[in-house]
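Engineer: Structure supplied as model_10.txt; contents: compact mmCIF, C-alpha atoms.
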```txt
# COMPACT_ATOMS: atom_id res chain seq x y z
CA MET Y 69 0.00 0.00 0.00
CA ARG Y 70 1.44 3.35 -1.01
CA TRP Y 71 0.96 6.32 1.37
CA VAL Y 72 1.73 9.58 -0.42
CA ALA Y 73 1.13 13.10 0.92
CA LYS Y 74 -0.38 15.67 -1.39
CA ARG Y 75 -0.70 19.42 -0.96
CA ARG Y 76 -4.19 20.68 -0.24
CA ALA Y 77 -5.50 23.90 -1.60
CA GLY Y 78 -6.22 26.77 0.75
CA ARG Y 79 -5.07 27.04 4.34
CA GLY Y 80 -1.92 24.92 4.86
CA GLY Y 81 -1.82 21.16 5.34
CA ALA Y 82 -2.40 18.40 2.85
CA GLY Y 83 -5.72 17.59 1.32
CA PRO Y 84 -7.59 14.47 0.40
CA THR Y 85 -5.93 12.19 -2.08
CA ARG Y 86 -8.25 9.56 -3.56
CA ARG Y 87 -6.81 6.10 -4.11
CA GLY Y 88 -9.98 4.12 -4.77
CA ARG Y 89 -12.89 3.60 -2.39
CA LEU Y 90 -12.42 1.74 0.88
CA THR Y 91 -15.46 -0.42 1.55
CA GLU Y 92 -17.18 -0.18 4.93
CA GLU Y 93 -16.25 -3.80 5.60
CA ALA Y 94 -12.57 -3.06 4.95
CA ARG Y 95 -12.76 0.08 7.08
CA GLN Y 96 -14.23 -1.86 9.99
CA ARG Y 97 -11.59 -4.56 9.61
CA LEU Y 98 -8.80 -1.98 9.83
CA ALA Y 99 -10.42 -0.40 12.88
CA ARG Y 100 -10.65 -3.82 14.59
CA GLN Y 101 -6.99 -4.49 13.82
CA ARG Y 102 -6.10 -1.18 15.43
CA GLU Y 103 -8.18 -1.95 18.53
CA ASP Y 104 -6.71 -5.46 18.80
CA GLY Y 105 -3.17 -4.14 18.82
CA VAL Y 106 -2.29 -5.43 15.38
CA GLU Y 107 0.77 -3.72 13.91
CA PRO Y 108 -0.03 -1.02 11.32
CA PRO Y 109 0.91 -1.48 7.66
CA ALA Y 110 4.64 -1.77 6.99
CA ALA Y 111 4.84 1.71 5.45
CA ALA Y 112 3.43 3.33 8.61
CA ASP Y 113 4.93 4.12 12.03
CA ARG Y 114 1.74 3.82 14.09
CA TRP Y 115 -2.01 3.79 13.96
CA SER Y 116 -3.69 7.19 14.14
CA THR Y 117 -3.86 8.47 17.74
CA TRP Y 118 -7.08 10.38 17.06
CA ALA Y 119 -9.18 8.02 19.21
CA GLU Y 120 -7.35 8.75 22.48
CA ALA Y 121 -6.56 12.42 21.84
CA GLU Y 122 -7.87 15.71 23.12
CA ARG Y 123 -9.22 17.08 19.86
CA GLY Y 124 -9.27 20.48 18.23
CA PRO Y 125 -12.33 22.72 17.88
CA LYS Y 126 -15.31 21.74 15.77
CA PRO Y 127 -16.13 21.81 12.99
CA HIS Y 128 -13.01 19.88 12.10
CA PRO Y 129 -11.50 21.07 8.79
CA SER Y 130 -12.50 19.06 5.75
CA TRP Y 131 -8.85 18.31 4.94
CA LEU Y 132 -8.26 16.55 8.26
CA VAL Y 133 -8.22 12.73 8.27
CA THR Y 134 -10.18 11.58 11.35
CA ASP Y 135 -10.72 7.95 10.36
CA LEU Y 136 -9.73 5.63 13.23
CA ALA Y 137 -8.32 3.17 10.69
CA ALA Y 138 -5.80 5.76 9.47
CA VAL Y 139 -2.08 5.41 10.05
CA ASP Y 140 0.67 7.93 10.79
CA ARG Y 141 4.02 7.99 9.04
CA GLU Y 142 6.93 10.28 9.90
CA LEU Y 143 8.47 12.06 6.93
CA GLY Y 144 11.29 13.95 8.61
CA VAL Y 145 12.28 16.71 11.02
CA VAL Y 146 10.85 20.18 10.52
CA LYS Y 147 12.56 21.94 13.41
CA THR Y 148 14.53 21.22 16.57
CA GLY Y 149 14.37 23.43 19.63
CA LYS Y 150 15.36 23.72 23.27
CA GLU Y 151 12.01 22.55 24.63
CA ALA Y 152 10.43 20.68 21.72
CA ASP Y 153 11.09 19.19 18.30
CA VAL Y 154 8.72 19.34 15.34
CA PHE Y 155 8.30 16.49 12.85
CA LEU Y 156 6.40 16.20 9.58
CA VAL Y 157 3.76 13.47 9.82
CA GLU Y 158 1.42 12.09 7.17
CA ARG Y 159 -1.91 10.74 8.42
CA ALA Y 160 -3.47 8.57 5.76
CA THR Y 161 -6.00 5.98 4.73
CA PRO Y 162 -5.84 4.29 1.34
CA GLU Y 163 -8.23 6.98 0.08
CA ARG Y 164 -6.88 10.28 1.41
CA SER Y 165 -4.16 11.87 3.49
CA CYS Y 166 -3.11 15.07 5.21
CA LEU Y 167 0.16 16.50 6.44
CA LEU Y 168 0.55 17.44 10.10
CA ALA Y 169 3.24 19.04 12.23
CA ALA Y 170 3.94 16.87 15.29
CA LYS Y 171 5.35 19.03 18.07
CA ARG Y 172 6.86 16.85 20.79
CA TYR Y 173 8.01 18.34 24.06
CA ARG Y 174 11.20 16.89 25.44
CA ASP Y 175 11.14 14.22 28.17
CA ASN Y 176 13.00 14.30 31.47
CA ASP Y 177 16.33 13.39 29.87
CA HIS Y 178 16.65 17.01 28.75
CA ARG Y 179 16.97 20.31 30.58
CA LEU Y 180 13.53 21.82 30.16
CA PHE Y 181 12.14 25.29 30.08
CA HIS Y 182 14.92 27.30 31.64
CA ARG Y 183 12.77 30.42 31.60
CA ASP Y 184 9.48 28.95 32.73
CA ALA Y 185 9.13 30.50 36.19
CA GLY Y 186 7.86 33.86 34.97
CA TYR Y 187 5.47 32.36 32.46
CA LEU Y 188 3.94 29.97 35.00
CA GLU Y 189 2.90 32.83 37.29
CA GLY Y 190 -0.87 33.06 37.34
CA ARG Y 191 -1.45 29.50 36.09
CA ARG Y 192 -3.48 27.40 38.49
CA MET Y 193 -2.02 24.16 39.84
CA ARG Y 194 -4.44 21.65 41.32
CA ARG Y 195 -2.14 19.66 43.60
CA SER Y 196 0.56 20.90 45.95
CA ARG Y 197 2.56 17.69 45.28
CA GLU Y 198 2.68 18.53 41.60
CA MET Y 199 3.66 22.11 42.31
CA ARG Y 200 6.51 20.98 44.59
CA ALA Y 201 7.74 18.49 41.99
CA MET Y 202 7.72 21.18 39.31
CA SER Y 203 9.55 23.64 41.59
CA ASN Y 204 12.18 21.05 42.52
CA ARG Y 205 12.65 19.95 38.88
CA SER Y 206 12.46 16.28 39.74
CA ALA Y 207 12.09 13.88 36.80
CA PHE Y 208 8.37 13.69 37.59
CA GLY Y 209 8.21 17.46 37.87
CA ARG Y 210 9.97 18.07 34.54
CA ASN Y 211 7.55 15.74 32.79
CA LEU Y 212 4.69 17.62 34.41
CA ILE Y 213 6.10 20.91 33.17
CA ALA Y 214 6.39 19.52 29.64
CA GLU Y 215 2.78 18.38 29.72
CA ARG Y 216 1.61 21.66 31.27
CA TRP Y 217 3.24 23.58 28.44
CA ALA Y 218 1.69 21.27 25.85
CA VAL Y 219 -1.73 21.71 27.49
CA ALA Y 220 -1.28 25.49 27.62
CA GLU Y 221 -0.27 25.71 23.97
CA PHE Y 222 -3.11 23.50 22.79
CA ALA Y 223 -5.65 25.50 24.81
CA ALA Y 224 -4.27 28.80 23.51
CA LEU Y 225 -4.31 27.63 19.89
CA THR Y 226 -7.85 26.33 20.26
CA ARG Y 227 -9.08 29.59 21.72
CA LEU Y 228 -7.25 31.76 19.21
CA TRP Y 229 -8.34 29.64 16.24
CA GLN Y 230 -11.95 30.08 17.33
CA LEU Y 231 -11.39 33.85 17.52
CA GLY Y 232 -10.03 33.91 13.97
CA ALA Y 233 -6.36 34.49 14.82
CA PRO Y 234 -3.77 33.44 12.21
CA VAL Y 235 -2.53 30.31 13.99
CA PRO Y 236 -2.23 26.69 12.82
CA TYR Y 237 -5.33 24.60 13.41
CA PRO Y 238 -4.74 22.54 16.59
CA VAL Y 239 -5.59 19.00 15.51
CA GLN Y 240 -5.06 17.07 18.75
CA ARG Y 241 -3.01 16.58 21.91
CA VAL Y 242 -1.87 13.30 23.49
CA GLY Y 243 0.40 13.79 26.49
CA THR Y 244 3.29 15.99 25.43
CA GLU Y 245 2.68 15.63 21.69
CA LEU Y 246 0.67 18.18 19.74
CA LEU Y 247 -0.46 17.54 16.17
CA LEU Y 248 -0.99 20.80 14.31
CA GLU Y 249 -1.91 21.94 10.85
CA PHE Y 250 1.22 21.86 8.70
CA ILE Y 251 1.92 25.31 7.30
CA GLY Y 252 3.75 24.91 4.01
CA ALA Y 253 3.52 23.30 0.60
CA ASP Y 254 4.49 19.90 -0.79
CA GLY Y 255 6.05 18.87 2.52
CA VAL Y 256 8.25 21.99 2.73
CA ALA Y 257 7.57 24.17 5.76
CA ALA Y 258 6.76 27.83 5.24
CA PRO Y 259 9.75 30.11 5.92
CA ARG Y 260 10.07 32.12 9.09
CA LEU Y 261 9.61 35.86 8.94
CA ALA Y 262 13.27 36.20 9.97
CA ARG Y 263 14.27 34.82 6.57
CA ALA Y 264 11.91 37.01 4.56
CA GLN Y 265 13.10 39.88 2.39
CA PRO Y 266 9.86 41.73 1.68
CA ASP Y 267 9.64 44.79 -0.53
CA PRO Y 268 8.24 47.98 1.08
CA ASP Y 269 4.60 47.16 0.22
CA GLN Y 270 4.91 43.60 1.50
CA LEU Y 271 6.65 44.82 4.65
CA LEU Y 272 3.80 47.18 5.44
CA ASP Y 273 1.19 44.50 4.74
CA LEU Y 274 2.95 41.99 7.01
CA TRP Y 275 3.20 44.60 9.77
CA ARG Y 276 -0.53 45.31 9.55
CA GLN Y 277 -1.27 41.58 9.65
CA LEU Y 278 0.90 41.26 12.74
CA VAL Y 279 -0.78 44.13 14.58
CA ASP Y 280 -4.18 42.65 13.72
CA ALA Y 281 -3.05 39.29 15.13
CA LEU Y 282 -1.77 40.90 18.33
CA VAL Y 283 -5.09 42.71 18.72
CA VAL Y 284 -6.90 39.35 18.57
CA LEU Y 285 -4.59 37.98 21.27
CA ALA Y 286 -5.05 41.07 23.43
CA SER Y 287 -8.84 40.89 23.03
CA ALA Y 288 -8.58 37.40 24.57
CA GLY Y 289 -6.44 38.81 27.38
CA LEU Y 290 -3.30 37.10 26.08
CA ALA Y 291 0.23 37.93 25.03
CA HIS Y 292 2.44 35.58 23.04
CA GLY Y 293 5.19 35.83 25.63
CA ASP Y 294 8.15 35.04 23.40
CA LEU Y 295 7.35 36.76 20.11
CA SER Y 296 10.02 37.37 17.51
CA ALA Y 297 10.57 37.06 13.76
CA TYR Y 298 11.56 33.43 14.40
CA ASN Y 299 8.10 32.27 15.52
CA LEU Y 300 6.18 33.93 12.74
CA LEU Y 301 5.74 32.12 9.43
CA VAL Y 302 5.00 33.65 6.03
CA HIS Y 303 2.92 31.41 3.77
CA ASP Y 304 1.32 32.67 0.55
CA ASP Y 305 1.81 36.26 1.79
CA ARG Y 306 -0.04 35.39 5.00
CA LEU Y 307 1.54 35.77 8.44
CA VAL Y 308 1.02 32.82 10.81
CA VAL Y 309 1.80 32.94 14.54
CA ILE Y 310 3.40 29.79 15.99
CA ASP Y 311 5.07 28.56 19.20
CA LEU Y 312 2.62 29.50 21.93
CA PRO Y 313 3.47 27.29 24.94
CA GLN Y 314 4.48 30.29 27.03
CA VAL Y 315 1.31 32.27 26.28
CA VAL Y 316 0.74 34.82 29.05
CA ASP Y 317 -2.53 35.77 30.73
CA LEU Y 318 -2.25 39.55 30.83
CA ALA Y 319 -4.51 39.93 33.84
CA ALA Y 320 -3.50 36.92 35.95
CA ASN Y 321 0.26 37.16 35.43
CA PRO Y 322 1.73 40.16 37.29
CA ARG Y 323 4.39 40.43 34.59
CA GLY Y 324 1.87 40.25 31.77
CA PRO Y 325 2.25 43.85 30.54
CA GLU Y 326 6.04 43.43 30.70
CA PHE Y 327 5.92 40.35 28.45
CA LEU Y 328 3.56 42.13 26.07
CA ALA Y 329 5.84 45.18 25.80
CA ARG Y 330 8.82 42.93 25.13
CA ASP Y 331 6.93 41.07 22.37
CA VAL Y 332 6.11 44.35 20.66
CA ARG Y 333 9.67 45.71 20.95
CA ASN Y 334 11.09 42.53 19.44
CA VAL Y 335 8.91 42.51 16.34
CA ALA Y 336 8.81 46.29 15.89
CA GLY Y 337 12.59 46.34 15.93
CA TRP Y 338 12.74 43.73 13.16
CA PHE Y 339 10.34 45.68 10.95
CA ALA Y 340 12.06 49.02 11.65
CA ALA Y 341 15.44 47.51 10.76
CA ARG Y 342 14.03 46.56 7.37
CA GLY Y 343 12.76 50.01 6.55
CA LEU Y 344 9.28 50.31 8.02
CA GLN Y 345 8.60 53.92 8.94
CA PRO Y 346 9.28 54.50 12.66
CA GLU Y 347 5.91 56.13 13.24
CA LEU Y 348 4.17 52.96 12.04
CA ALA Y 349 6.26 50.62 14.20
CA ASP Y 350 6.31 52.67 17.42
CA PRO Y 351 6.53 50.04 20.20
CA GLU Y 352 5.05 52.28 22.89
CA GLU Y 353 2.07 53.21 20.76
CA VAL Y 354 1.34 49.62 19.76
CA THR Y 355 1.77 48.37 23.33
CA GLY Y 356 -0.62 51.05 24.57
CA LEU Y 357 -3.19 50.01 21.98
CA LEU Y 358 -2.95 46.37 23.00
CA LEU Y 359 -3.22 47.13 26.72
CA GLU Y 360 -6.31 49.19 25.95
CA VAL Y 361 -7.82 46.34 23.94
CA ALA Y 362 -7.10 43.99 26.85
CA GLY Y 363 -8.86 46.34 29.25
CA LEU Y 364 -5.71 47.09 31.22
CA ARG Y 365 -5.50 50.79 30.42
```
Output the structure of this file as structure tokens.
Structural biologist:
Amino acid sequence: MRWVAKRRAGRGGAGPTRRGRLTEEARQRLARQREDGVEPPAAADRWSTWAEAERGPKPHPSWLVTDLAAVDRELGVVKTGKEADVFLVERATPERSCLLAAKRYRDNDHRLFHRDAGYLEGRRMRRSREMRAMSNRSAFGRNLIAERWAVAEFAALTRLWQLGAPVPYPVQRVGTELLLEFIGADGVAAPRLARAQPDPDQLLDLWRQLVDALVVLASAGLAHGDLSAYNLLVHDDRLVVIDLPQVVDLAANPRGPEFLARDVRNVAGWFAARGLQPELADPEEVTGLLLEVAGLR
């Protein structure tokens, strides 16, 4: 059986690829094999984890493969980072497929989240034992931190997607693994803003898109928390915000306005260095606007 990813039209990801109809009997047989622990087809790495996952907001996009008889196959590394690595995954049935970005937070063999203390302020912890473990950075505590960050990012993406923010669709979460809409084409990830060389008109358009995105976050009472040109993608002239595990609640976190101001300075500096007029990329003015939108001024 050949599992091939195809680009889907429209917003990121990979769309349905027809390979002949799968009968209901065959579909049920594959689902039973999955439930019985039968190994997936040789070309795959695992059965789809959709059944046991926390799932993204409804309605699910039409391009997404949700069939329990689907399989996942890893196609390579998209990005490595200090806290998480991102892999390209194809989820497929014999009839159709889609491309996903699998973001996997590191386990307790790695030094995790060296800057997490400030971001965790204002986040509720249910059990004092868990809080102590996280504070002491025990192996159990580091795994808890990884899962907390995965949970926070998935929740933030879900909320922002529903508000219309330019973020990848959050497909699912299982433990410390997030599956997200793949932003790119033909298996090639969209470039980061840091690599872009826009002309003056494109620069202005991207800046306006960014301010609009920050307004959506602020209207939800959130700041990105670690915003820079390296966690913004440019795909088909559209700006996409990524990497949101450290999302900050502007009201609950006492350092919220500080994180917001830093986000704005970082991105405004990048745009100003590439020729955007200073009066358009005034960090203080933009920060004031966002604090006003968030109801903090």
Engineer: Which value, in Å to one decimal, gives the distance between atom CA of Leu348 of chain Y and atom CA of Pro266 of chain Y?
Structural biologist: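 Interatomic distance, atom CA of Leu348 of chain Y to atom CA of Pro266 of chain Y: 16.3 Å.
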Engineer: Restricting the calculation to all atoms listed in the file: of Y:Ala329, Y:Leu364, Y:Ala224, Y:Val335, which residue gets closest to Ser296 of chain Y?
Structural biologist: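 Ranked by minimum distance to Ser296 of chain Y, first place goes to Y:Val335.
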Engineer: Which of these residues is nearest to Ser287 of chain Y, using all atoms listed in the file: Y:Leu143, Y:Ala362, Y:Val133, Y:Ala319?
Structural biologist: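 Counting all atoms listed in the file, the residue closest to Ser287 of chain Y is Y:Ala362.
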Engineer: Mind listing as number ranges by chain all residues within 9 Å of (-11.6, 37.8, 21.2), counting all atoms listed in the file?
Structural biologist: Y: 227-228, 230-233, 283-289
Engineer: For the residues in that selection, give me C-alpha atoms as an mmCIF file, keeping the file's coordinate frame.
Structural biologist:
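Writing the result to selection-v2.cif gives the following:
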```cif
data_model
loop_
_atom_site.group_PDB
_atom_site.id
_atom_site.type_symbol
_atom_site.label_atom_id
_atom_site.label_comp_id
_atom_site.auth_asym_id
_atom_site.auth_seq_id
_atom_site.Cartn_x
_atom_site.Cartn_y
_atom_site.Cartn_z
ATOM 1 C CA ARG Y 227 -9.080 29.590 21.720
ATOM 2 C CA LEU Y 228 -7.250 31.760 19.210
ATOM 3 C CA GLN Y 230 -11.950 30.080 17.330
ATOM 4 C CA LEU Y 231 -11.390 33.850 17.520
ATOM 5 C CA GLY Y 232 -10.030 33.910 13.970
ATOM 6 C CA ALA Y 233 -6.360 34.490 14.820
ATOM 7 C CA VAL Y 283 -5.090 42.710 18.720
ATOM 8 C CA VAL Y 284 -6.900 39.350 18.570
ATOM 9 C CA LEU Y 285 -4.590 37.980 21.270
ATOM 10 C CA ALA Y 286 -5.050 41.070 23.430
ATOM 11 C CA SER Y 287 -8.840 40.890 23.030
ATOM 12 C CA ALA Y 288 -8.580 37.400 24.570
ATOM 13 C CA GLY Y 289 -6.440 38.810 27.380
#
```
Engineer: So how far away is atom CA of Arg333 of chain Y from atom CA of Ala258 of chain Y, in Å?
Structural biologist: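 Separation of atom CA of Ala258 of chain Y and atom CA of Arg333 of chain Y: 24.0 Å.
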Engineer: When you draw a straight line from atom CA of Arg141 of chain Y to atom CA of Glu158 of chain Y, how long is it in Å?
Structural biologist: 5.2 Å
Engineer: Here is a test: counting all atoms listed in the file, which residue of Y:Ala170, Y:Ala218, Y:Leu271, Y:Ala257 is nearest to Val239 of chain Y?
Structural biologist: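 The shortest atom-to-atom distance to Val239 of chain Y comes from Y:Ala170.
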Engineer: Would you mind telling me which residue in Y:Glu151, Y:Asp331, Y:Glu122, Y:Asp294 lies nearest to Leu246 of chain Y when using all atoms listed in the file?
Structural biologist: Y:Glu122
Engineer: Fewer than 6 positions away in the same chain doesn't count, so skip those; otherwise give me all residues within 10 Å of segment 297-314 of chain Y, counting all atoms listed in the file, as number ranges by chain.
Structural biologist: Y: 78-80, 151-152, 171, 181, 183-184, 186-188, 214, 216-225, 233-236, 251-253, 257-264, 266, 270, 273-278, 281-282, 291, 334-339
Engineer: For Ser116 of chain Y, please output as a short mmCIF file (atom, residue, chain, number, x, y, z; two decimals) with C-alpha atoms, in the frame of the given file all residues within 12 Å (counting all atoms listed in the file; exclusion window: fewer than 5 positions along the same chain).
Structural biologist:
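What landed in result.cif:
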```cif
data_model
loop_
_atom_site.label_atom_id
_atom_site.label_comp_id
_atom_site.auth_asym_id
_atom_site.auth_seq_id
_atom_site.Cartn_x
_atom_site.Cartn_y
_atom_site.Cartn_z
CA LEU Y 98 -8.80 -1.98 9.83
CA ALA Y 99 -10.42 -0.40 12.88
CA ARG Y 102 -6.10 -1.18 15.43
CA GLU Y 103 -8.18 -1.95 18.53
CA GLU Y 107 0.77 -3.72 13.91
CA PRO Y 108 -0.03 -1.02 11.32
CA PRO Y 109 0.91 -1.48 7.66
CA ALA Y 121 -6.56 12.42 21.84
CA LEU Y 132 -8.26 16.55 8.26
CA VAL Y 133 -8.22 12.73 8.27
CA THR Y 134 -10.18 11.58 11.35
CA ASP Y 135 -10.72 7.95 10.36
CA LEU Y 136 -9.73 5.63 13.23
CA ALA Y 137 -8.32 3.17 10.69
CA ALA Y 138 -5.80 5.76 9.47
CA VAL Y 139 -2.08 5.41 10.05
CA ASP Y 140 0.67 7.93 10.79
CA ARG Y 141 4.02 7.99 9.04
CA GLU Y 142 6.93 10.28 9.90
CA VAL Y 157 3.76 13.47 9.82
CA GLU Y 158 1.42 12.09 7.17
CA ARG Y 159 -1.91 10.74 8.42
CA ALA Y 160 -3.47 8.57 5.76
CA THR Y 161 -6.00 5.98 4.73
CA SER Y 165 -4.16 11.87 3.49
CA CYS Y 166 -3.11 15.07 5.21
CA LEU Y 168 0.55 17.44 10.10
CA GLN Y 240 -5.06 17.07 18.75
CA VAL Y 242 -1.87 13.30 23.49
CA LEU Y 247 -0.46 17.54 16.17
#
```
